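Participant: Contents of work_16.cif (mmCIF, C-alpha atoms) are given next:
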```
data_data
#
loop_
_atom_site.label_atom_id
_atom_site.label_comp_id
_atom_site.auth_asym_id
_atom_site.auth_seq_id
_atom_site.Cartn_x
_atom_site.Cartn_y
_atom_site.Cartn_z
CA MET A 1245 102.07 112.93 123.95
CA SER A 1246 103.28 109.38 123.22
CA LYS A 1247 101.03 107.97 125.98
CA CYS A 1248 98.08 109.79 124.49
CA LEU A 1249 98.91 108.33 121.10
CA GLN A 1250 99.13 104.85 122.52
CA ARG A 1251 95.63 105.20 123.96
CA ASN A 1252 94.27 106.73 120.77
CA GLY A 1253 95.90 104.14 118.56
CA GLY A 1254 94.45 101.33 120.63
CA SER A 1255 90.88 102.53 120.43
CA SER A 1256 88.57 100.71 118.08
CA SER A 1257 85.52 102.92 118.53
CA GLY A 1258 84.83 106.18 116.76
CA TRP A 1259 86.90 108.00 114.21
CA GLU A 1260 87.92 111.15 116.13
CA ALA A 1261 90.81 109.53 118.00
CA PRO A 1262 92.50 108.16 114.85
CA LEU A 1263 92.18 111.60 113.28
CA ARG A 1264 93.89 113.16 116.31
CA ALA A 1265 96.68 110.63 115.93
CA ALA A 1266 96.81 111.42 112.24
CA GLY A 1267 97.05 115.12 113.08
CA LEU A 1268 100.03 114.52 115.35
CA GLY A 1269 101.55 112.28 112.69
CA THR A 1270 101.08 115.05 110.15
CA LEU A 1271 102.75 117.53 112.49
CA LEU A 1272 105.71 115.21 112.80
CA LYS A 1273 105.77 114.87 109.03
CA LEU A 1274 105.72 118.65 108.64
CA LEU A 1275 108.80 118.90 110.84
CA SER A 1276 110.41 116.08 108.86
CA ALA A 1277 109.53 117.75 105.56
CA ALA A 1278 111.03 121.03 106.78
CA MET A 1279 114.24 119.26 107.80
CA ALA A 1280 114.34 117.29 104.54
CA PHE A 1281 113.89 120.54 102.62
CA CYS A 1282 116.74 122.23 104.49
CA SER A 1283 118.90 119.13 104.05
CA SER A 1284 118.26 118.99 100.30
CA ILE A 1285 119.41 122.60 99.98
CA VAL A 1286 122.61 121.92 101.90
CA PHE A 1287 123.25 118.65 100.04
CA ALA A 1288 122.64 120.21 96.61
CA ARG A 1289 124.88 123.20 97.27
CA ALA A 1290 127.62 121.28 99.11
CA LEU A 1291 127.90 118.51 96.50
CA GLY A 1292 127.17 120.41 93.30
CA ALA A 1293 124.86 119.15 90.56
CA SER A 1294 127.10 116.30 89.35
CA GLU A 1295 127.98 114.80 92.76
CA PHE A 1296 124.41 115.27 93.94
CA GLY A 1297 123.23 113.39 90.87
CA VAL A 1298 125.56 110.48 91.69
CA TYR A 1299 124.38 110.43 95.30
CA SER A 1300 120.72 110.44 94.22
CA PHE A 1301 121.30 107.63 91.73
CA VAL A 1302 123.00 105.35 94.27
CA ASN A 1303 120.47 106.28 96.96
CA ALA A 1304 117.67 105.18 94.64
CA TRP A 1305 119.24 101.73 94.38
CA VAL A 1306 119.72 101.62 98.16
CA SER A 1307 116.04 102.36 98.71
CA LEU A 1308 115.00 99.59 96.33
CA LEU A 1309 117.31 97.07 98.00
CA ALA A 1310 116.00 98.12 101.43
CA ILE A 1311 112.50 97.19 100.28
CA LEU A 1312 113.75 93.80 99.11
CA ALA A 1313 115.59 93.26 102.42
CA GLY A 1314 112.36 94.01 104.32
CA LEU A 1315 110.49 91.27 102.42
CA GLY A 1316 107.22 93.17 102.76
CA PHE A 1317 107.14 92.77 106.55
CA PRO A 1318 106.49 96.43 107.53
CA GLN A 1319 102.91 96.62 106.17
CA TYR A 1320 102.25 92.94 106.87
CA LEU A 1321 103.31 93.23 110.52
CA ILE A 1322 101.04 96.22 111.15
CA ARG A 1323 98.06 94.17 110.06
CA GLU A 1324 99.07 91.00 111.90
CA GLY A 1325 100.33 92.83 114.99
CA VAL A 1326 96.97 94.55 115.49
CA GLN A 1327 95.24 91.17 115.46
CA ALA A 1328 97.79 89.38 117.69
CA PRO A 1329 99.40 91.89 120.10
CA HIS A 1330 100.61 89.04 122.35
CA CYS A 1331 102.95 87.80 119.61
CA LEU A 1332 104.94 90.96 118.84
CA ALA A 1333 108.29 89.77 120.22
CA TRP A 1334 108.03 86.53 118.28
CA MET A 1335 107.12 88.47 115.14
CA ARG A 1336 110.19 90.66 115.51
CA THR A 1337 112.48 87.63 115.81
CA PHE A 1338 110.82 85.97 112.83
CA ALA A 1339 111.21 89.07 110.66
CA ASP A 1340 114.76 89.86 111.85
CA GLN A 1341 116.14 86.45 110.93
CA ARG A 1342 114.96 86.79 107.36
CA ALA A 1343 115.90 90.46 107.08
CA PHE A 1344 119.49 89.68 108.13
CA LEU A 1345 119.81 87.12 105.36
CA CYS A 1346 118.30 89.34 102.67
CA GLY A 1347 120.16 92.41 103.92
CA GLY A 1348 123.48 90.57 103.58
CA VAL A 1349 122.63 89.66 99.99
CA CYS A 1350 121.72 93.29 99.26
CA ALA A 1351 125.04 94.48 100.71
CA LEU A 1352 126.86 92.08 98.40
CA VAL A 1353 124.86 93.40 95.44
CA LEU A 1354 125.96 96.96 96.21
CA VAL A 1355 129.59 95.89 96.45
CA ILE A 1356 129.29 94.21 93.04
CA PHE A 1357 127.62 97.35 91.64
CA GLY A 1358 130.57 99.39 92.89
CA THR A 1359 133.03 97.08 91.16
CA LEU A 1360 131.18 97.16 87.85
CA ALA A 1361 130.47 100.91 87.89
CA GLN A 1362 133.88 102.13 89.03
CA LEU A 1363 134.70 103.56 85.60
CA ARG A 1364 131.75 105.98 85.86
CA PHE A 1365 131.19 106.33 89.61
CA ASP A 1366 133.40 106.34 92.67
CA SER A 1367 133.22 102.78 94.03
CA HIS A 1368 133.55 104.09 97.60
CA ILE A 1369 129.98 105.36 97.55
CA PHE A 1370 128.68 101.81 96.99
CA LEU A 1371 130.84 100.49 99.84
CA ALA A 1372 129.52 103.23 102.14
CA ALA A 1373 125.95 102.34 101.15
CA ALA A 1374 126.30 98.56 101.58
CA PRO A 1375 124.99 98.35 105.20
CA LEU A 1376 122.02 100.66 104.55
CA PRO A 1377 119.45 98.16 103.19
CA LEU A 1378 119.80 95.95 106.27
CA LEU A 1379 119.71 98.88 108.71
CA LEU A 1380 116.60 100.34 107.09
CA ALA A 1381 114.85 96.97 106.93
CA LEU A 1382 115.44 96.20 110.62
CA SER A 1383 114.24 99.68 111.57
CA SER A 1384 111.06 99.32 109.53
CA VAL A 1385 110.24 96.01 111.25
CA ARG A 1386 110.40 97.64 114.67
CA GLN A 1387 108.42 100.66 113.53
CA ALA A 1388 105.65 98.45 112.17
CA LEU A 1389 105.33 96.47 115.39
CA LEU A 1390 105.37 99.63 117.48
CA GLN A 1391 102.62 101.13 115.32
CA ALA A 1392 100.55 97.97 115.77
CA GLN A 1393 100.99 98.55 119.52
CA GLY A 1394 99.72 102.12 119.16
CA TRP A 1395 103.06 103.98 119.23
CA LEU A 1396 102.21 105.90 116.09
CA VAL A 1397 104.33 109.03 116.35
CA ARG A 1398 106.93 107.80 118.80
CA SER A 1399 108.00 104.99 116.49
CA GLN A 1400 108.45 107.30 113.49
CA TRP A 1401 110.48 110.22 114.83
CA PRO A 1402 113.88 108.45 114.56
CA SER A 1403 113.47 107.91 110.81
CA LEU A 1404 111.54 111.12 110.11
CA LEU A 1405 113.52 113.56 112.26
CA LEU A 1406 116.71 112.00 113.57
CA ILE A 1407 118.12 110.71 110.28
CA PRO A 1408 117.69 113.98 108.32
CA THR A 1409 118.84 116.07 111.30
CA VAL A 1410 122.04 114.10 111.87
CA SER A 1411 122.74 114.01 108.13
CA PHE A 1412 122.14 117.76 107.87
CA LEU A 1413 124.46 118.58 110.77
CA LEU A 1414 127.31 116.28 109.75
CA CYS A 1415 127.15 117.38 106.11
CA SER A 1416 127.15 121.05 107.16
CA VAL A 1417 130.22 120.50 109.36
CA LEU A 1418 132.10 118.80 106.51
CA TRP A 1419 131.04 121.48 104.03
CA LEU A 1420 132.23 124.31 106.27
CA SER A 1421 135.47 122.60 107.24
CA GLN A 1422 136.63 121.36 103.84
CA GLY A 1423 134.69 123.55 101.41
CA GLY A 1424 132.75 120.73 99.80
CA VAL A 1425 131.38 117.22 100.29
CA SER A 1426 131.68 114.16 98.09
CA ALA A 1427 128.84 111.76 97.32
CA ALA A 1428 130.69 108.95 99.14
CA GLN A 1429 131.04 111.07 102.28
CA LEU A 1430 127.35 111.95 102.29
CA MET A 1431 126.43 108.28 101.85
CA SER A 1432 128.64 107.39 104.85
CA ILE A 1433 126.78 110.02 106.87
CA SER A 1434 123.47 108.44 105.82
CA THR A 1435 124.66 105.04 107.03
CA ILE A 1436 125.69 106.42 110.42
CA SER A 1437 122.33 108.19 110.82
CA ALA A 1438 120.39 105.02 109.93
CA ALA A 1439 122.36 103.01 112.50
CA ILE A 1440 121.47 105.51 115.24
CA ALA A 1441 117.79 105.44 114.26
CA LEU A 1442 117.76 101.62 114.37
CA LEU A 1443 119.25 101.65 117.87
CA ILE A 1444 116.53 104.00 119.11
CA ASN A 1445 113.73 101.96 117.51
CA HIS A 1446 115.15 98.82 119.08
CA LEU A 1447 115.18 100.42 122.54
CA GLN A 1448 111.62 101.62 122.01
CA PHE A 1449 110.52 98.11 121.10
CA ARG A 1450 112.13 96.68 124.24
CA GLN A 1451 110.23 99.26 126.27
CA ALA A 1452 106.92 98.56 124.55
CA VAL A 1453 107.20 94.77 124.67
CA SER A 1454 108.73 93.54 127.91
CA PRO A 1455 110.93 90.45 127.45
CA LYS A 1456 109.61 89.14 130.78
CA VAL A 1457 106.11 88.77 129.35
CA SER A 1458 105.61 85.39 127.69
CA GLN A 1459 105.03 85.68 123.96
CA GLU A 1460 103.20 83.27 121.74
CA ALA A 1461 104.09 82.24 118.22
CA ALA A 1462 101.97 83.62 115.40
CA ALA A 1463 101.04 82.06 112.09
CA LEU A 1464 103.28 84.29 110.00
CA ARG A 1465 104.20 83.30 106.48
CA VAL A 1466 106.76 84.97 104.27
CA GLY A 1467 104.49 84.24 101.33
CA GLN A 1468 101.74 86.34 102.92
CA ALA A 1469 104.11 89.31 103.24
CA PHE A 1470 105.50 88.85 99.74
CA PRO A 1471 102.68 90.77 97.97
CA PHE A 1472 103.48 93.77 100.17
CA MET A 1473 107.12 93.60 99.08
CA LEU A 1474 106.12 93.37 95.43
CA LEU A 1475 103.76 96.28 95.98
CA ALA A 1476 106.45 98.41 97.65
CA CYS A 1477 108.93 97.57 94.89
CA THR A 1478 106.36 98.40 92.26
CA TYR A 1479 105.57 101.71 93.93
CA PHE A 1480 109.26 102.48 94.21
CA VAL A 1481 109.94 101.68 90.57
CA SER A 1482 106.94 103.81 89.63
CA SER A 1483 108.36 106.80 91.51
CA ARG A 1484 112.05 106.25 90.73
CA ILE A 1485 112.21 104.71 87.27
CA ASP A 1486 112.68 108.23 85.90
CA LEU A 1487 115.70 108.80 88.15
CA ILE A 1488 117.19 105.39 87.38
CA MET A 1489 116.79 105.75 83.61
CA LEU A 1490 118.24 109.26 83.68
CA GLY A 1491 121.18 107.92 85.70
CA ILE A 1492 121.84 105.31 83.05
CA ASN A 1493 121.33 107.49 79.97
CA SER A 1494 122.12 111.06 81.03
CA LYS A 1495 124.95 113.03 82.53
CA PRO A 1496 125.22 113.27 86.34
CA GLN A 1497 124.55 117.02 86.18
CA GLU A 1498 121.15 116.57 84.50
CA LEU A 1499 120.38 113.82 87.00
CA GLY A 1500 121.22 116.17 89.87
CA ILE A 1501 118.89 118.88 88.53
CA TYR A 1502 116.04 116.39 88.15
CA SER A 1503 116.64 114.94 91.60
CA VAL A 1504 116.34 118.35 93.26
CA SER A 1505 112.97 118.99 91.58
CA SER A 1506 111.74 115.50 92.39
CA ARG A 1507 112.59 115.84 96.07
CA ALA A 1508 110.87 119.21 96.29
CA ALA A 1509 107.68 117.81 94.74
CA GLU A 1510 107.66 114.84 97.11
CA LEU A 1511 107.33 117.15 100.12
CA LEU A 1512 103.60 117.23 99.40
CA VAL A 1513 103.35 113.44 99.55
CA PHE A 1514 105.16 113.31 102.89
CA LEU A 1515 102.17 114.95 104.58
CA SER A 1516 99.78 112.40 103.15
CA MET A 1517 102.02 109.45 104.00
CA ALA A 1518 102.33 110.53 107.64
CA SER A 1519 98.58 110.78 108.17
CA VAL A 1520 97.79 107.57 106.32
CA THR A 1521 100.46 105.67 108.28
CA ALA A 1522 98.91 106.92 111.52
CA VAL A 1523 95.40 105.71 110.65
CA ALA A 1524 96.34 102.44 108.92
CA PRO A 1525 95.75 100.36 112.09
CA SER A 1526 92.35 102.03 112.50
CA PHE A 1527 91.50 101.18 108.89
CA ALA A 1528 92.31 97.55 109.67
CA ARG A 1529 90.12 97.51 112.80
CA LEU A 1530 87.14 99.19 111.17
CA LEU A 1531 87.36 96.92 108.12
CA ALA A 1532 87.63 93.82 110.31
CA SER A 1533 84.58 94.87 112.37
CA LYS A 1534 82.67 95.85 109.20
CA LYS A 1535 81.99 99.40 110.45
CA LYS A 1536 81.65 100.85 106.99
CA ASP A 1537 79.99 104.14 108.02
CA GLU A 1538 82.72 104.96 110.54
CA LEU A 1539 85.38 104.08 107.97
CA GLN A 1540 83.79 106.39 105.39
CA LEU A 1541 83.74 109.24 107.91
CA LEU A 1542 87.38 108.67 108.78
CA VAL A 1543 88.49 108.53 105.13
CA THR A 1544 86.51 111.63 104.11
CA SER A 1545 87.62 113.71 107.11
CA LEU A 1546 91.24 112.71 106.64
CA GLY A 1547 91.17 113.57 102.94
CA ARG A 1548 89.65 117.01 103.45
CA ARG A 1549 92.15 117.93 106.15
CA LEU A 1550 95.00 116.85 103.91
CA ALA A 1551 93.59 118.98 101.09
CA LEU A 1552 93.67 122.06 103.31
CA LEU A 1553 97.31 121.35 104.10
CA THR A 1554 98.56 120.50 100.62
CA VAL A 1555 96.65 122.60 98.06
CA PRO A 1556 97.83 126.10 99.15
CA PRO A 1557 101.58 125.28 99.22
CA ALA A 1558 101.25 123.32 95.97
CA LEU A 1559 99.78 126.33 94.18
CA ILE A 1560 102.46 128.64 95.57
CA ILE A 1561 105.27 126.33 94.47
CA PHE A 1562 103.72 125.83 91.03
CA ILE A 1563 103.32 129.55 90.34
CA PHE A 1564 106.68 130.72 91.66
CA ALA A 1565 108.85 127.71 90.71
CA PRO A 1566 110.98 129.68 88.17
CA GLN A 1567 111.98 132.11 90.93
CA LEU A 1568 112.16 129.65 93.84
CA VAL A 1569 114.39 126.94 92.35
CA PRO A 1570 117.44 129.12 91.50
CA LEU A 1571 116.95 131.19 94.66
CA ILE A 1572 116.97 128.17 96.95
CA TYR A 1573 119.24 125.66 95.25
CA GLY A 1574 121.42 127.94 93.11
CA HIS A 1575 121.46 129.01 89.47
CA SER A 1576 123.01 125.72 88.34
CA TYR A 1577 119.63 124.08 89.16
CA ALA A 1578 117.44 126.72 87.44
CA GLU A 1579 116.41 124.32 84.66
CA GLY A 1580 114.55 122.23 87.24
CA ALA A 1581 111.68 124.75 87.58
CA THR A 1582 109.60 123.28 84.74
CA ILE A 1583 110.29 119.76 86.01
CA LEU A 1584 109.07 120.77 89.45
CA GLN A 1585 105.83 122.21 88.06
CA ILE A 1586 105.03 119.00 86.18
CA LEU A 1587 105.73 116.81 89.20
CA ILE A 1588 103.70 119.06 91.53
CA VAL A 1589 100.61 118.41 89.42
CA ALA A 1590 101.11 114.65 89.65
CA GLN A 1591 101.72 114.60 93.40
CA LEU A 1592 98.77 116.88 94.15
CA VAL A 1593 96.37 114.63 92.24
CA ALA A 1594 97.80 111.62 94.11
CA VAL A 1595 97.12 113.25 97.48
CA LEU A 1596 93.59 114.40 96.60
CA GLY A 1597 92.71 110.91 95.40
CA GLY A 1598 92.67 109.62 98.98
CA PRO A 1599 94.38 106.70 100.79
CA LEU A 1600 93.59 104.21 98.03
CA GLY A 1601 96.51 101.85 98.54
CA THR A 1602 96.21 101.71 102.33
CA LEU A 1603 92.51 100.88 102.13
CA LEU A 1604 93.23 97.99 99.78
CA ASN A 1605 96.15 96.73 101.88
CA MET A 1606 94.29 96.80 105.19
CA SER A 1607 91.27 95.04 103.69
CA GLY A 1608 93.29 92.12 102.34
CA ASN A 1609 93.13 93.36 98.75
CA GLU A 1610 96.85 94.00 98.38
CA LYS A 1611 96.88 92.05 95.11
CA SER A 1612 94.40 94.52 93.63
CA HIS A 1613 96.63 97.31 94.88
CA LEU A 1614 99.61 95.64 93.24
CA PHE A 1615 97.70 95.29 89.97
CA GLY A 1616 96.89 99.01 89.81
CA VAL A 1617 100.39 100.14 90.64
CA ALA A 1618 101.96 97.61 88.27
CA LEU A 1619 99.94 98.99 85.37
CA GLY A 1620 101.24 102.44 86.24
CA VAL A 1621 104.81 101.16 86.32
CA LEU A 1622 104.49 99.57 82.89
CA LEU A 1623 103.14 102.83 81.51
CA ASN A 1624 105.94 104.75 83.26
CA ILE A 1625 108.62 102.53 81.73
CA LEU A 1626 107.04 102.82 78.29
CA LEU A 1627 106.74 106.61 78.46
CA ASN A 1628 110.25 107.01 79.88
CA THR A 1629 111.64 104.85 77.08
CA LEU A 1630 109.91 107.04 74.50
CA LEU A 1631 110.40 110.48 76.06
CA SER A 1632 113.58 110.46 78.17
CA PRO A 1633 116.12 109.89 75.36
CA ARG A 1634 114.63 112.72 73.30
CA TYR A 1635 113.48 115.25 75.90
CA GLY A 1636 115.74 114.37 78.83
CA ALA A 1637 114.58 115.39 82.31
CA ILE A 1638 111.42 117.10 80.99
CA GLY A 1639 110.40 113.88 79.25
CA ALA A 1640 111.01 111.87 82.42
CA ALA A 1641 108.81 114.25 84.40
CA ILE A 1642 105.98 113.98 81.87
CA ALA A 1643 106.25 110.18 81.92
CA THR A 1644 106.07 110.11 85.71
CA CYS A 1645 103.09 112.47 85.81
CA GLY A 1646 101.12 110.46 83.25
CA SER A 1647 101.77 107.13 84.96
CA ILE A 1648 100.78 108.45 88.41
CA LEU A 1649 97.47 109.80 87.11
CA PHE A 1650 96.68 106.54 85.30
CA SER A 1651 97.54 104.39 88.32
CA ARG A 1652 95.38 106.46 90.69
CA VAL A 1653 92.36 106.08 88.42
CA VAL A 1654 92.81 102.29 88.38
CA LEU A 1655 93.15 102.15 92.18
CA LEU A 1656 90.11 104.36 92.65
CA LEU A 1657 88.00 101.96 90.61
CA GLN A 1658 89.34 99.02 92.67
CA VAL A 1659 88.41 100.69 95.98
CA ARG A 1660 84.92 101.58 94.77
CA GLN A 1661 84.30 98.09 93.44
CA ARG A 1662 85.71 96.03 96.33
CA LEU A 1663 85.02 98.21 99.39
CA ASP A 1664 82.21 100.53 98.24
CA ILE A 1665 84.09 103.44 99.85
CA ARG A 1666 84.30 106.94 98.36
CA PRO A 1667 87.94 107.79 99.08
CA THR A 1668 88.54 111.09 97.26
CA VAL A 1669 88.30 114.57 98.73
CA LEU A 1670 85.28 115.26 96.51
CA GLY A 1671 83.52 112.13 97.77
CA VAL A 1672 83.88 110.26 94.49
#
```
Please render this file's structure as structure tokens.
Facilitator:
Amino acid sequence: MSKCLQRNGGSSSGWEAPLRAAGLGTLLKLLSAAMAFCSSIVFARALGASEFGVYSFVNAWVSLLAILAGLGFPQYLIREGVQAPHCLAWMRTFADQRAFLCGGVCALVLVIFGTLAQLRFDSHIFLAAAPLPLLLALSSVRQALLQAQGWLVRSQWPSLLLIPTVSFLLCSVLWLSQGGVSAAQLMSISTISAAIALLINHLQFRQAVSPKVSQEAAALRVGQAFPFMLLACTYFVSSRIDLIMLGINSKPQELGIYSVSSRAAELLVFLSMASVTAVAPSFARLLASKKKDELQLLVTSLGRRLALLTVPPALIIFIFAPQLVPLIYGHSYAEGATILQILIVAQLVAVLGGPLGTLLNMSGNEKSHLFGVALGVLLNILLNTLLSPRYGAIGAAIATCGSILFSRVVLLLQVRQRLDIRPTVLGV
């Protein structure tokens, strides 16, 4: 299957092959979503609402620092690697050197966080999380270069399947053996899983790019990758500002309930992200060769297939959320049903809007992408400031939903104006 994907990913003609790769990527994402769903159930029940809230809060900061440690290289290297496949080894070295420096700074930040927050949180969880930003950043560099080489699915399975599977198994063993799991223990498990995934990605890269083949230097600039980092940070803040603000202003139990609902809603986005990641190199090739008609066919076909995959489960979850949440996660999380319904609406609209951000990134319009997402973040912060203190988790969900809808409208207008592509499922 991986060889087939390499051939498909390397093709620059037609749009059927990228869709096949996207289909396999979506299948992998489905397996990952299923494992993430099972893991979230085990984590929520094993930790309890309060400890799960602490874990989610610290994990949100880890994810943000991992983006900063990556310096925007993952998306940047996909674009540059497609254009200069003879420079991949040099690109990896270039990105690694800078990721090591930034990852060390991020580890120090987490240690300082642990010292300052020890009156409210167990400082051990921050120490356990300290290596994670670097590990995740190095892994993402290798995944990006492998995807530029055409290894679309093969490069993603360590992060999509291995990490949640190892975390699930180790957490289950601890839960059964000691009757419960602490947030610090689960974070240590996450660090171990990320280290294993990095090792596998590194071995894959060595297989894909032989060290015996002479490699040329490429004209990479950190400044050119920086907009991607800002964009990723902005996206992250847009999707996690609710969790962060609840962690600062609310009790860990309320944070745990919100986190469970948020993770469940994000399962819909996982499908879209997998397919869009698989076709991103094809977007770049078609845009570079100015094959607008083929690009439109690819975007429309991808969007309609995603709609068939996401709309039915979204409707089921929305209708039966009051019964599903307590049944799956336990009665202590029952209040999260309304939160889940609100977030499902936002995520479904985001999926049906099409691959707006990827189209802008691959066409060199990442600044326009950043502008649209930044406006959504500002609205999210404003709404969270107004609604979260008064309405708690429900207010945070409404703020997130409103900001996502606003941001997607802005991005849609940018794509139509700059690329003249109709990216939505309805052909708008």
Participant: Taking the file as shown, what set of residues would the PyMOL selection byres ((chain A and resi 1539-1542) around 7) give back, as a ChimeraX atom specification?
Facilitator: /A:1259,1527,1530,1535-1538,1543-1546,1665
Participant: Run the PyMOL selection byres ((chain A and resi 1282) around 12) mentally over the shown coordinates, then write out the matched residues as a ChimeraX atom specification, using the chain letters and numbers from the document.
Facilitator: /A:1275-1281,1283-1289,1408-1409,1411-1413,1415-1416,1504,1507-1508,1511,1572-1573
Participant: Could you check how far atom CA of Gly1325 of chain A sits from atom CA of Gln1391 of chain A, in Å to one decimal?
Facilitator: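 Straight-line distance from atom CA of Gly1325 of chain A to atom CA of Gln1391 of chain A works out to 8.6 Å.
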Participant: For each of A:Ile1501, A:Leu1663, A:Leu1630, A:Ile1444, take the minimum atom-to-atom distance to Ala1293 of chain A, counting all atoms listed in the file, then give the residue where this is smallest.
Facilitator: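 Under the stated criterion, the closest residue is A:Ile1501.
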Participant: Rank nothing, just name the residue among A:Arg1450, A:Arg1666, A:His1575, A:Arg1484 nearest to Val1621 of chain A, using all atoms listed in the file.
Facilitator: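 Among the listed residues, the smallest separation from Val1621 of chain A belongs to A:Arg1484.
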Participant: Could you give me, as number ranges by chain, the residues within 12 Å of Arg1660 of chain A, counting only C-alpha atoms and dropping anything in the same chain fewer than 3 positions from it?
Facilitator: A: 1540, 1598, 1600, 1603-1604, 1612, 1653-1657, 1663-1668, 1671-1672
Participant: So what does the PyMOL selection byres ((chain A and resi 1649-1652) around 8) actually pick up in this one, as a PyMOL selection string?
Facilitator: chain A and resi 1590+1593-1594+1597+1600+1616-1617+1619-1620+1645-1648+1653-1656
Participant: May I ask for the distance between atom CA of Ile1588 of chain A and atom CA of Pro1570 of chain A, given in Å to one decimal place?
Facilitator: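 Here the two named atoms are 17.0 Å from each other.
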Participant: Determine, counting only C-alpha atoms, which protein, DNA and RNA residues have an atom within 9 Å of an atom of Ala1524 of chain A; residues of the same chain fewer than 6 positions away are not included. Present the result as a ChimeraX atom specification.
Facilitator: /A:1322-1323,1602-1603,1606
Participant: Selected residues, C-alpha atoms, written as a PDB file, in the frame of the given file, please.
Facilitator:
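Saved as result21.pdb:
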```pdb
ATOM      1  CA  ILE A1322     101.040  96.220 111.150  1.00  0.00           C
ATOM      2  CA  ARG A1323      98.060  94.170 110.060  1.00  0.00           C
ATOM      3  CA  THR A1602      96.210 101.710 102.330  1.00  0.00           C
ATOM      4  CA  LEU A1603      92.510 100.880 102.130  1.00  0.00           C
ATOM      5  CA  MET A1606      94.290  96.800 105.190  1.00  0.00           C
TER       6      MET A1606
END
```
Participant: Counting all atoms listed in the file, what is within 12 Å of Gln1341 of chain A, bar same-chain residues fewer than 6 positions away, as a VMD selection string?
Facilitator: chain A and resid 1313 to 1315 1317 1334 to 1335 1347 to 1348 1378 1381 to 1382 1385 1466
Participant: Export C-alpha atoms of the chosen residues as an mmCIF file, in the coordinates of the input?
Facilitator:
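To be explicit, this is the file written out as selection.cif:
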```cif
data_model
loop_
_atom_site.group_PDB
_atom_site.id
_atom_site.type_symbol
_atom_site.label_atom_id
_atom_site.label_comp_id
_atom_site.auth_asym_id
_atom_site.auth_seq_id
_atom_site.Cartn_x
_atom_site.Cartn_y
_atom_site.Cartn_z
ATOM 1 C CA ALA A 1313 115.590 93.260 102.420
ATOM 2 C CA GLY A 1314 112.360 94.010 104.320
ATOM 3 C CA LEU A 1315 110.490 91.270 102.420
ATOM 4 C CA PHE A 1317 107.140 92.770 106.550
ATOM 5 C CA TRP A 1334 108.030 86.530 118.280
ATOM 6 C CA MET A 1335 107.120 88.470 115.140
ATOM 7 C CA GLY A 1347 120.160 92.410 103.920
ATOM 8 C CA GLY A 1348 123.480 90.570 103.580
ATOM 9 C CA LEU A 1378 119.800 95.950 106.270
ATOM 10 C CA ALA A 1381 114.850 96.970 106.930
ATOM 11 C CA LEU A 1382 115.440 96.200 110.620
ATOM 12 C CA VAL A 1385 110.240 96.010 111.250
ATOM 13 C CA VAL A 1466 106.760 84.970 104.270
#
```
Participant: Tell me, in Å to one decimal, how far atom CA of Ala1439 of chain A is from atom CA of Arg1386 of chain A.
Facilitator: 13.3 Å
Participant: I'd like a table as a tab-separated table: residues in segment 1403-1486 of chain A with an atom no more than 12 Å from segment 1623-1629 of chain A, each row giving the shortest atom pair and its distance in Å to one decimal, only C-alpha atoms counted, sorted by chain and rising residue number.
Facilitator:
```
residue	atom	partner	partner_atom	distance
A:Thr1478	CA	A:Asn1624	CA	11.0
A:Tyr1479	CA	A:Asn1624	CA	11.1
A:Phe1480	CA	A:Asn1624	CA	11.7
A:Val1481	CA	A:Asn1624	CA	8.9
A:Ser1482	CA	A:Asn1624	CA	6.5
A:Ser1483	CA	A:Asn1624	CA	8.8
A:Arg1484	CA	A:Asn1624	CA	9.8
A:Ile1485	CA	A:Ile1625	CA	7.0
A:Asp1486	CA	A:Asn1628	CA	6.6
```
Participant: With distances taken over only C-alpha atoms, which residue among A:Gly1297, A:Pro1471, A:Pro1556, A:Pro1318 lies nearest Ala1392 of chain A?
Facilitator: A:Pro1318
Participant: Give me segment 1570-1577 of chain A with N, CA and C atoms filled in, as a PDB file, in the coordinates of the input.
Facilitator:
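Output below, filename part.pdb:
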```pdb
ATOM      1  N   PRO A1570     116.085 128.545  91.477  1.00  0.00           N
ATOM      2  CA  PRO A1570     117.440 129.120  91.500  1.00  0.00           C
ATOM      3  C   PRO A1570     117.751 129.863  92.795  1.00  0.00           C
ATOM      4  N   LEU A1571     116.727 130.466  93.408  1.00  0.00           N
ATOM      5  CA  LEU A1571     116.950 131.190  94.660  1.00  0.00           C
ATOM      6  C   LEU A1571     117.367 130.250  95.775  1.00  0.00           C
ATOM      7  N   ILE A1572     116.726 129.085  95.842  1.00  0.00           N
ATOM      8  CA  ILE A1572     116.970 128.170  96.950  1.00  0.00           C
ATOM      9  C   ILE A1572     118.162 127.261  96.694  1.00  0.00           C
ATOM     10  N   TYR A1573     118.216 126.675  95.517  1.00  0.00           N
ATOM     11  CA  TYR A1573     119.240 125.660  95.250  1.00  0.00           C
ATOM     12  C   TYR A1573     120.461 126.213  94.501  1.00  0.00           C
ATOM     13  N   GLY A1574     120.325 127.375  93.892  1.00  0.00           N
ATOM     14  CA  GLY A1574     121.420 127.940  93.110  1.00  0.00           C
ATOM     15  C   GLY A1574     121.085 127.962  91.638  1.00  0.00           C
ATOM     16  N   HIS A1575     121.771 128.825  90.896  1.00  0.00           N
ATOM     17  CA  HIS A1575     121.460 129.010  89.470  1.00  0.00           C
ATOM     18  C   HIS A1575     121.806 127.794  88.626  1.00  0.00           C
ATOM     19  N   SER A1576     122.679 126.923  89.106  1.00  0.00           N
ATOM     20  CA  SER A1576     123.010 125.720  88.340  1.00  0.00           C
ATOM     21  C   SER A1576     121.831 124.743  88.278  1.00  0.00           C
ATOM     22  N   TYR A1577     120.814 124.945  89.147  1.00  0.00           N
ATOM     23  CA  TYR A1577     119.630 124.080  89.160  1.00  0.00           C
ATOM     24  C   TYR A1577     118.402 124.761  88.550  1.00  0.00           C
TER      25      TYR A1577
END
```
